[in-house]
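**Q** Got a file for you: query_13.cif, mmCIF, C-alpha atoms.
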data_my_file
#
loop_
_atom_site.group_PDB
_atom_site.id
_atom_site.type_symbol
_atom_site.label_atom_id
_atom_site.label_comp_id
_atom_site.auth_asym_id
_atom_site.auth_seq_id
_atom_site.Cartn_x
_atom_site.Cartn_y
_atom_site.Cartn_z
ATOM 1 C CA MET A 1 91.543 -50.510 -47.012
ATOM 2 C CA ASN A 2 93.576 -47.575 -48.245
ATOM 3 C CA TYR A 3 95.501 -44.825 -46.429
ATOM 4 C CA LEU A 4 92.598 -42.793 -45.037
ATOM 5 C CA ALA A 5 90.872 -45.754 -43.396
ATOM 6 C CA HIS A 6 94.160 -47.121 -42.039
ATOM 7 C CA MET A 7 95.031 -43.733 -40.535
ATOM 8 C CA TYR A 8 91.552 -43.464 -38.992
ATOM 9 C CA LEU A 9 91.815 -46.921 -37.441
ATOM 10 C CA ALA A 10 95.329 -46.257 -36.114
ATOM 11 C CA GLY A 11 94.108 -43.854 -33.429
ATOM 12 C CA ASP A 12 96.103 -41.002 -31.914
ATOM 13 C CA SER A 13 99.528 -42.601 -31.476
ATOM 14 C CA GLY A 14 102.199 -41.345 -33.848
ATOM 15 C CA GLU A 15 103.977 -44.705 -33.850
ATOM 16 C CA LEU A 16 100.752 -46.603 -34.604
ATOM 17 C CA VAL A 17 99.978 -44.183 -37.436
ATOM 18 C CA VAL A 18 103.452 -44.704 -38.904
ATOM 19 C CA GLY A 19 103.118 -48.472 -38.531
ATOM 20 C CA ASN A 20 99.784 -48.463 -40.315
ATOM 21 C CA MET A 21 101.357 -46.597 -43.225
ATOM 22 C CA LEU A 22 104.336 -48.957 -43.304
ATOM 23 C CA GLY A 23 102.076 -52.003 -43.505
ATOM 24 C CA ASP A 24 102.109 -51.751 -47.301
ATOM 25 C CA PHE A 25 105.909 -51.681 -47.419
ATOM 26 C CA VAL A 26 107.153 -54.061 -44.723
ATOM 27 C CA LYS A 27 106.809 -57.695 -45.748
ATOM 28 C CA GLY A 28 107.534 -60.864 -43.830
ATOM 29 C CA ARG A 29 108.725 -61.033 -40.247
ATOM 30 C CA ILE A 30 108.684 -57.814 -38.225
ATOM 31 C CA GLY A 31 112.066 -57.613 -36.551
ATOM 32 C CA ASP A 32 113.414 -55.306 -33.885
ATOM 33 C CA GLU A 33 114.330 -52.578 -36.376
ATOM 34 C CA PHE A 34 111.133 -50.742 -35.434
ATOM 35 C CA PRO A 35 110.011 -49.379 -32.047
ATOM 36 C CA PRO A 36 107.258 -51.481 -30.411
ATOM 37 C CA GLY A 37 104.505 -49.009 -31.334
ATOM 38 C CA VAL A 38 105.473 -48.970 -35.010
ATOM 39 C CA ALA A 39 105.708 -52.772 -35.074
ATOM 40 C CA GLU A 40 102.251 -52.982 -33.521
ATOM 41 C CA GLY A 41 100.927 -50.562 -36.134
ATOM 42 C CA ILE A 42 102.242 -52.851 -38.881
ATOM 43 C CA ARG A 43 100.538 -55.813 -37.215
ATOM 44 C CA ILE A 44 97.264 -53.885 -36.977
ATOM 45 C CA HIS A 45 97.559 -52.989 -40.666
ATOM 46 C CA ARG A 46 97.926 -56.665 -41.530
ATOM 47 C CA LYS A 47 94.961 -57.617 -39.342
ATOM 48 C CA ILE A 48 92.851 -54.956 -41.043
ATOM 49 C CA ASP A 49 93.828 -56.211 -44.493
ATOM 50 C CA ALA A 50 93.100 -59.852 -43.615
ATOM 51 C CA PHE A 51 89.694 -58.990 -42.139
ATOM 52 C CA THR A 52 88.879 -56.780 -45.118
ATOM 53 C CA ASP A 53 89.899 -59.278 -47.792
ATOM 54 C CA SER A 54 87.750 -62.043 -46.300
ATOM 55 C CA HIS A 55 84.613 -59.932 -45.666
ATOM 56 C CA GLU A 56 81.589 -60.811 -47.789
ATOM 57 C CA ARG A 57 80.773 -57.158 -48.476
ATOM 58 C CA VAL A 58 84.272 -56.529 -49.810
ATOM 59 C CA ILE A 59 84.174 -59.681 -51.929
ATOM 60 C CA SER A 60 80.797 -58.554 -53.280
ATOM 61 C CA SER A 61 82.245 -55.132 -54.087
ATOM 62 C CA LYS A 62 85.143 -56.646 -56.019
ATOM 63 C CA ARG A 63 82.682 -58.590 -58.161
ATOM 64 C CA LEU A 64 81.191 -55.283 -59.321
ATOM 65 C CA VAL A 65 84.412 -54.417 -61.153
ATOM 66 C CA SER A 66 84.364 -55.167 -64.867
ATOM 67 C CA ARG A 67 86.145 -58.256 -66.155
ATOM 68 C CA GLU A 68 88.657 -56.003 -67.912
ATOM 69 C CA ARG A 69 89.901 -54.650 -64.567
ATOM 70 C CA ARG A 70 88.958 -57.514 -62.267
ATOM 71 C CA LYS A 71 92.557 -58.315 -61.289
ATOM 72 C CA PHE A 72 92.841 -54.777 -59.916
ATOM 73 C CA SER A 73 89.512 -54.974 -58.085
ATOM 74 C CA GLY A 74 91.135 -54.930 -54.632
ATOM 75 C CA ILE A 75 92.922 -51.648 -55.348
ATOM 76 C CA ILE A 76 89.809 -50.100 -56.883
ATOM 77 C CA VAL A 77 87.567 -51.099 -53.971
ATOM 78 C CA ASP A 78 90.119 -49.928 -51.375
ATOM 79 C CA LEU A 79 90.159 -46.451 -52.910
ATOM 80 C CA ALA A 80 86.403 -46.416 -53.456
ATOM 81 C CA PHE A 81 85.885 -47.157 -49.762
ATOM 82 C CA ASP A 82 88.266 -44.339 -48.785
ATOM 83 C CA HIS A 83 86.199 -42.040 -51.017
ATOM 84 C CA VAL A 84 82.952 -43.075 -49.302
ATOM 85 C CA LEU A 85 84.616 -42.667 -45.890
ATOM 86 C CA ALA A 86 85.808 -39.158 -46.787
ATOM 87 C CA LEU A 87 82.360 -38.098 -48.008
ATOM 88 C CA ASN A 88 80.646 -39.477 -44.907
ATOM 89 C CA TRP A 89 83.389 -38.670 -42.406
ATOM 90 C CA GLY A 90 81.058 -37.040 -39.902
ATOM 91 C CA ASP A 91 79.271 -40.360 -39.393
ATOM 92 C CA TYR A 92 82.453 -41.876 -37.976
ATOM 93 C CA SER A 93 84.393 -39.063 -36.325
ATOM 94 C CA GLU A 94 83.652 -35.915 -34.330
ATOM 95 C CA LEU A 95 86.921 -34.400 -35.553
ATOM 96 C CA PRO A 96 86.388 -32.639 -38.919
ATOM 97 C CA LEU A 97 88.121 -34.379 -41.803
ATOM 98 C CA GLY A 98 90.386 -31.434 -42.589
ATOM 99 C CA ASP A 99 91.605 -31.295 -38.988
ATOM 100 C CA PHE A 100 92.131 -35.055 -38.934
ATOM 101 C CA ILE A 101 94.172 -34.931 -42.134
ATOM 102 C CA GLN A 102 96.422 -32.146 -40.856
ATOM 103 C CA ARG A 103 96.935 -33.972 -37.558
ATOM 104 C CA THR A 104 97.790 -37.168 -39.441
ATOM 105 C CA TYR A 105 100.290 -35.425 -41.712
ATOM 106 C CA GLY A 106 101.850 -33.850 -38.637
ATOM 107 C CA LEU A 107 102.191 -37.200 -36.859
ATOM 108 C CA LEU A 108 103.670 -38.856 -39.938
ATOM 109 C CA ALA A 109 106.104 -36.007 -40.599
ATOM 110 C CA ALA A 110 107.218 -35.896 -36.946
ATOM 111 C CA ASN A 111 107.949 -39.624 -37.044
ATOM 112 C CA ALA A 112 109.316 -39.846 -40.595
ATOM 113 C CA GLY A 113 112.723 -40.786 -39.211
ATOM 114 C CA LEU A 114 111.249 -44.156 -38.207
ATOM 115 C CA MET A 115 110.463 -44.973 -41.857
ATOM 116 C CA PRO A 116 112.639 -46.696 -44.456
ATOM 117 C CA PRO A 117 113.626 -44.473 -47.419
ATOM 118 C CA ARG A 118 110.890 -45.522 -49.896
ATOM 119 C CA PRO A 119 107.836 -44.831 -47.689
ATOM 120 C CA ARG A 120 109.526 -41.655 -46.434
ATOM 121 C CA GLU A 121 109.732 -40.463 -50.054
ATOM 122 C CA ILE A 122 106.093 -41.395 -50.652
ATOM 123 C CA LEU A 123 105.086 -39.487 -47.517
ATOM 124 C CA ARG A 124 106.607 -36.346 -48.998
ATOM 125 C CA PHE A 125 104.398 -36.660 -52.090
ATOM 126 C CA MET A 126 101.384 -37.603 -49.964
ATOM 127 C CA ILE A 127 101.641 -34.380 -47.978
ATOM 128 C CA GLU A 128 102.623 -32.109 -50.892
ATOM 129 C CA GLU A 129 99.766 -33.384 -53.080
ATOM 130 C CA ASP A 130 97.318 -33.877 -50.171
ATOM 131 C CA TRP A 131 96.405 -37.444 -51.068
ATOM 132 C CA LEU A 132 94.129 -37.897 -48.060
ATOM 133 C CA GLY A 133 92.185 -34.727 -48.811
ATOM 134 C CA SER A 134 91.930 -35.595 -52.508
ATOM 135 C CA TYR A 135 89.902 -38.704 -51.698
ATOM 136 C CA ARG A 136 86.866 -36.488 -51.121
ATOM 137 C CA GLU A 137 86.543 -36.086 -54.894
ATOM 138 C CA LEU A 138 86.068 -38.856 -57.436
ATOM 139 C CA GLU A 139 88.719 -37.103 -59.524
ATOM 140 C CA GLY A 140 91.146 -37.565 -56.639
ATOM 141 C CA ILE A 141 90.434 -41.284 -56.598
ATOM 142 C CA GLY A 142 91.013 -41.300 -60.347
ATOM 143 C CA ARG A 143 94.410 -39.621 -59.941
ATOM 144 C CA ALA A 144 95.396 -42.132 -57.269
ATOM 145 C CA LEU A 145 94.412 -45.061 -59.492
ATOM 146 C CA ASP A 146 96.322 -43.561 -62.416
ATOM 147 C CA ARG A 147 99.430 -43.150 -60.219
ATOM 148 C CA ILE A 148 99.233 -46.817 -59.289
ATOM 149 C CA ALA A 149 98.794 -47.729 -62.967
ATOM 150 C CA VAL A 150 102.074 -45.966 -63.784
ATOM 151 C CA ARG A 151 103.891 -47.859 -61.015
ATOM 152 C CA VAL A 152 102.480 -51.176 -62.233
ATOM 153 C CA GLU A 153 103.569 -50.382 -65.796
ATOM 154 C CA ARG A 154 107.091 -49.501 -64.670
ATOM 155 C CA ARG A 155 107.363 -52.635 -62.579
ATOM 156 C CA PHE A 156 106.166 -55.077 -65.219
ATOM 157 C CA GLY A 157 107.185 -53.189 -68.346
ATOM 158 C CA ARG A 158 103.791 -53.268 -70.015
ATOM 159 C CA LYS A 159 100.581 -51.280 -70.056
ATOM 160 C CA ASN A 160 97.636 -52.342 -67.883
ATOM 161 C CA SER A 161 93.903 -51.768 -67.646
ATOM 162 C CA LEU A 162 93.978 -49.642 -64.488
ATOM 163 C CA PRO A 163 94.043 -46.144 -66.063
ATOM 164 C CA GLY A 164 90.579 -44.591 -65.992
ATOM 165 C CA ALA A 165 89.388 -47.049 -63.342
ATOM 166 C CA ALA A 166 87.517 -44.300 -61.478
ATOM 167 C CA GLU A 167 84.704 -45.046 -63.928
ATOM 168 C CA GLU A 168 84.262 -48.376 -62.128
ATOM 169 C CA VAL A 169 83.618 -46.469 -58.897
ATOM 170 C CA ALA A 170 81.216 -44.019 -60.539
ATOM 171 C CA ARG A 171 79.262 -46.763 -62.284
ATOM 172 C CA ASN A 172 78.821 -48.851 -59.128
ATOM 173 C CA TYR A 173 78.718 -46.071 -56.553
ATOM 174 C CA GLY A 174 75.391 -46.940 -54.929
ATOM 175 C CA ALA A 175 76.301 -50.575 -54.325
ATOM 176 C CA LEU A 176 79.824 -49.678 -53.149
ATOM 177 C CA GLU A 177 78.459 -47.144 -50.660
ATOM 178 C CA GLU A 178 75.928 -49.651 -49.341
ATOM 179 C CA ASN A 179 78.623 -52.305 -48.924
ATOM 180 C CA PHE A 180 80.966 -49.865 -47.193
ATOM 181 C CA ARG A 181 78.310 -48.744 -44.722
ATOM 182 C CA ALA A 182 77.585 -52.361 -43.791
ATOM 183 C CA PHE A 183 81.243 -53.344 -43.608
ATOM 184 C CA PHE A 184 83.043 -50.429 -41.937
ATOM 185 C CA PRO A 185 81.350 -50.541 -38.512
ATOM 186 C CA GLU A 186 82.271 -54.223 -38.312
ATOM 187 C CA LEU A 187 85.885 -53.371 -39.140
ATOM 188 C CA ILE A 188 85.925 -50.662 -36.455
ATOM 189 C CA SER A 189 84.643 -53.183 -33.896
ATOM 190 C CA PHE A 190 87.177 -55.782 -35.035
ATOM 191 C CA VAL A 191 90.107 -53.386 -34.608
ATOM 192 C CA GLY A 192 88.784 -52.202 -31.241
ATOM 193 C CA ASP A 193 88.469 -55.780 -29.984
ATOM 194 C CA TYR A 194 91.960 -56.631 -31.251
ATOM 195 C CA ARG A 195 93.519 -53.626 -29.530
ATOM 196 C CA LYS A 196 91.719 -54.393 -26.265
ATOM 197 C CA GLY A 197 92.977 -57.965 -26.446
ATOM 198 C CA THR A 198 96.589 -56.946 -26.982
ATOM 199 C CA ALA A 199 96.384 -54.416 -24.139
ATOM 200 C CA ASN A 200 95.359 -57.105 -21.619
#
Let me see whether you can do it: turn the structure in this file into structure tokens.
**A**
Amino acid sequence: MNYLAHMYLAGDSGELVVGNMLGDFVKGRIGDEFPPGVAEGIRIHRKIDAFTDSHERVISSKRLVSRERRKFSGIIVDLAFDHVLALNWGDYSELPLGDFIQRTYGLLAANAGLMPPRPREILRFMIEEDWLGSYRELEGIGRALDRIAVRVERRFGRKNSLPGAAEEVARNYGALEENFRAFFPELISFVGDYRKGTAN
């Protein structure tokens, strides 16, 4: 899942929200450099990713991506699912999406001091460019995929097939939406059960 879904699943705790964002940046063992709530948020992020990657509906969605971009299918599907979530937000939350996004940015900004420098820098761009709000539009998903393409090119020093990948989402939208709607309630239940288990 991408940022919007992770933030939704994090709940109302600022530390859990921060931890869910940091899950993409903190690798390996989680030490004592983070407060307990942030560390738990990172663990939840990892649980979400493991559940997502092994789910048959997600695997089916990745197979929809063309052979040319298949190695980026996980990134494409993650953003496609955030797009479907944004468009159908009212089915999953009583809080309007705009209010949720502003609350999330506020929680992240208030706890930015708990972040390492790189994710703190990314947070600045996320808020300034309203990444979470941009997921409502297919063009916003396209911009996000193109940003990732630039990072991949810089890292590996060669061009890749990710630019323009929003066309994969548009071409397969019906099947992606169907898969998301079957998958996401199961993910919500999984996270709820995990959090209940850790609270006992």
**Q** Would you tabulate, counting all atoms listed in the file, all residues of segment 84-103 of chain A that have an atom at most 9 Å from an atom of segment 175-187 of chain A, showing the closest pair of atoms and their distance in Å to one decimal, sorted by chain then ascending number, as JSON lines?
**A**
{"residue": "A:Val84", "atom": "CA", "partner": "A:Glu177", "partner_atom": "CA", "distance": 6.2}
{"residue": "A:Leu85", "atom": "CA", "partner": "A:Phe180", "partner_atom": "CA", "distance": 8.2}
{"residue": "A:Tyr92", "atom": "CA", "partner": "A:Pro185", "partner_atom": "CA", "distance": 8.8}
**Q** Could you pull out every residue with an atom within 7 Å of (96.3, -54.2, -60.5), file coordinates, counting all atoms listed in the file, and send them as number ranges by chain?
**A** A: 71-72, 75, 162
**Q** Counting all atoms listed in the file, figure out which residue out of A:Ile148, A:Ala109, A:Val65, A:Ile101 gets nearest to Glu167 of chain A.
**A** A:Val65
**Q** Run the PyMOL selection byres ((chain A and resi 69) around 12) against the file shown and list the residues it catches, as JSON, numbers by chain.
**A** {"A": [62, 63, 64, 65, 66, 67, 68, 70, 71, 72, 73, 74, 75, 76, 77, 145, 149, 160, 161, 162, 163, 164, 165, 166, 167, 168, 169]}
**Q** In terms of the shortest atom-to-atom distance over only C-alpha atoms, which of A:Ile44, A:Met1, A:Phe100, A:Lys27 is closest to Gly192 of chain A?
**A**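 Once distances to Gly192 of chain A are computed over only C-alpha atoms, the minimum belongs to A:Ile44.
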**Q** Which of these, A:Val18, A:Ile188, A:Leu4, A:Ile48, has the shortest distance to Gly133 of chain A once you count all atoms listed in the file?
**A**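 Distance minimum relative to Gly133 of chain A lands on A:Leu4.
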**Q** Which distance in Å separates atom CA of Gly31 of chain A and atom CA of Gly19 of chain A, to one decimal?
**A**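 Separating atom CA of Gly31 of chain A from atom CA of Gly19 of chain A is a distance of 12.9 Å.
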**Q** Write out as a list of chain:residue names which residues come within 10 Å of Ile42 of chain A when counting all atoms listed in the file, dropping same-chain ones fewer than 5 positions away.
**A**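 Counting only the stated atoms, we get A:Ala10, A:Glu15, A:Leu16, A:Val17, A:Val18, A:Gly19, A:Asn20, A:Met21, A:Leu22, A:Gly23, A:Asp24, A:Phe25, A:Val26, A:Lys27, A:Ile30, A:Phe34, A:Pro36, A:Gly37, A:Lys47, A:Ile48.
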**Q** Could you name the residues that touch segment 93-97 of chain A at 12 Å or less, counting all atoms listed in the file, but leaving out those on the same chain fewer than 5 positions away, as a list in words?
**A**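 In the requested form, the answer reads Leu4, Ala5, Met7, Tyr8, Leu9, Gly11, Asp12, Leu85, Ala86, Leu87, Asn88, Gln102, Arg103, Thr104, Leu132, Gly133, Ser134, Tyr135, Arg136 and Ile188 of chain A.
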**Q** Just to confirm, what's the straight-line distance from atom CA of Trp131 of chain A to atom CA of Tyr3 of chain A in Å (one decimal)?
**A**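 Distance reported for this atom pair: 8.8 Å.
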**Q** In Å, rounded to a single decimal, give me how far atom CA of Leu107 of chain A is from atom CA of Gly14 of chain A.
**A** 5.1 Å
**Q** When you get a chance, write out N, CA and C atoms for segment 90-106 of chain A, as a compact mmCIF listing (two decimals), in the coordinates of the input.
**A**
# COMPACT_ATOMS: atom_id res chain seq x y z
N GLY A 90 81.75 -37.44 -41.12
CA GLY A 90 81.06 -37.04 -39.90
C GLY A 90 80.27 -38.15 -39.25
N ASP A 91 79.98 -39.21 -39.98
CA ASP A 91 79.27 -40.36 -39.39
C ASP A 91 80.19 -41.21 -38.52
N TYR A 92 81.50 -41.00 -38.66
CA TYR A 92 82.45 -41.88 -37.98
C TYR A 92 83.42 -41.13 -37.05
N SER A 93 83.45 -39.83 -37.15
CA SER A 93 84.39 -39.06 -36.33
C SER A 93 83.82 -37.70 -35.98
N GLU A 94 84.06 -37.27 -34.74
CA GLU A 94 83.65 -35.92 -34.33
C GLU A 94 84.67 -34.88 -34.78
N LEU A 95 85.89 -35.32 -35.08
CA LEU A 95 86.92 -34.40 -35.55
C LEU A 95 86.72 -34.16 -37.04
N PRO A 96 86.59 -32.91 -37.48
CA PRO A 96 86.39 -32.64 -38.92
C PRO A 96 87.50 -33.27 -39.76
N LEU A 97 87.15 -33.67 -40.96
CA LEU A 97 88.12 -34.38 -41.80
C LEU A 97 89.37 -33.55 -42.05
N GLY A 98 89.22 -32.27 -42.34
CA GLY A 98 90.39 -31.43 -42.59
C GLY A 98 91.33 -31.40 -41.40
N ASP A 99 90.77 -31.30 -40.19
CA ASP A 99 91.60 -31.30 -38.99
C ASP A 99 92.29 -32.65 -38.80
N PHE A 100 91.54 -33.72 -39.06
CA PHE A 100 92.13 -35.06 -38.93
C PHE A 100 93.29 -35.23 -39.90
N ILE A 101 93.12 -34.78 -41.13
CA ILE A 101 94.17 -34.93 -42.13
C ILE A 101 95.42 -34.16 -41.72
N GLN A 102 95.26 -32.93 -41.27
CA GLN A 102 96.42 -32.15 -40.86
C GLN A 102 97.11 -32.77 -39.65
N ARG A 103 96.34 -33.29 -38.71
CA ARG A 103 96.94 -33.97 -37.56
C ARG A 103 97.72 -35.21 -38.02
N THR A 104 97.13 -35.96 -38.95
CA THR A 104 97.79 -37.17 -39.44
C THR A 104 99.09 -36.84 -40.16
N TYR A 105 99.06 -35.83 -41.03
CA TYR A 105 100.29 -35.42 -41.71
C TYR A 105 101.34 -34.99 -40.70
N GLY A 106 100.92 -34.29 -39.66
CA GLY A 106 101.85 -33.85 -38.64
C GLY A 106 102.49 -35.02 -37.90
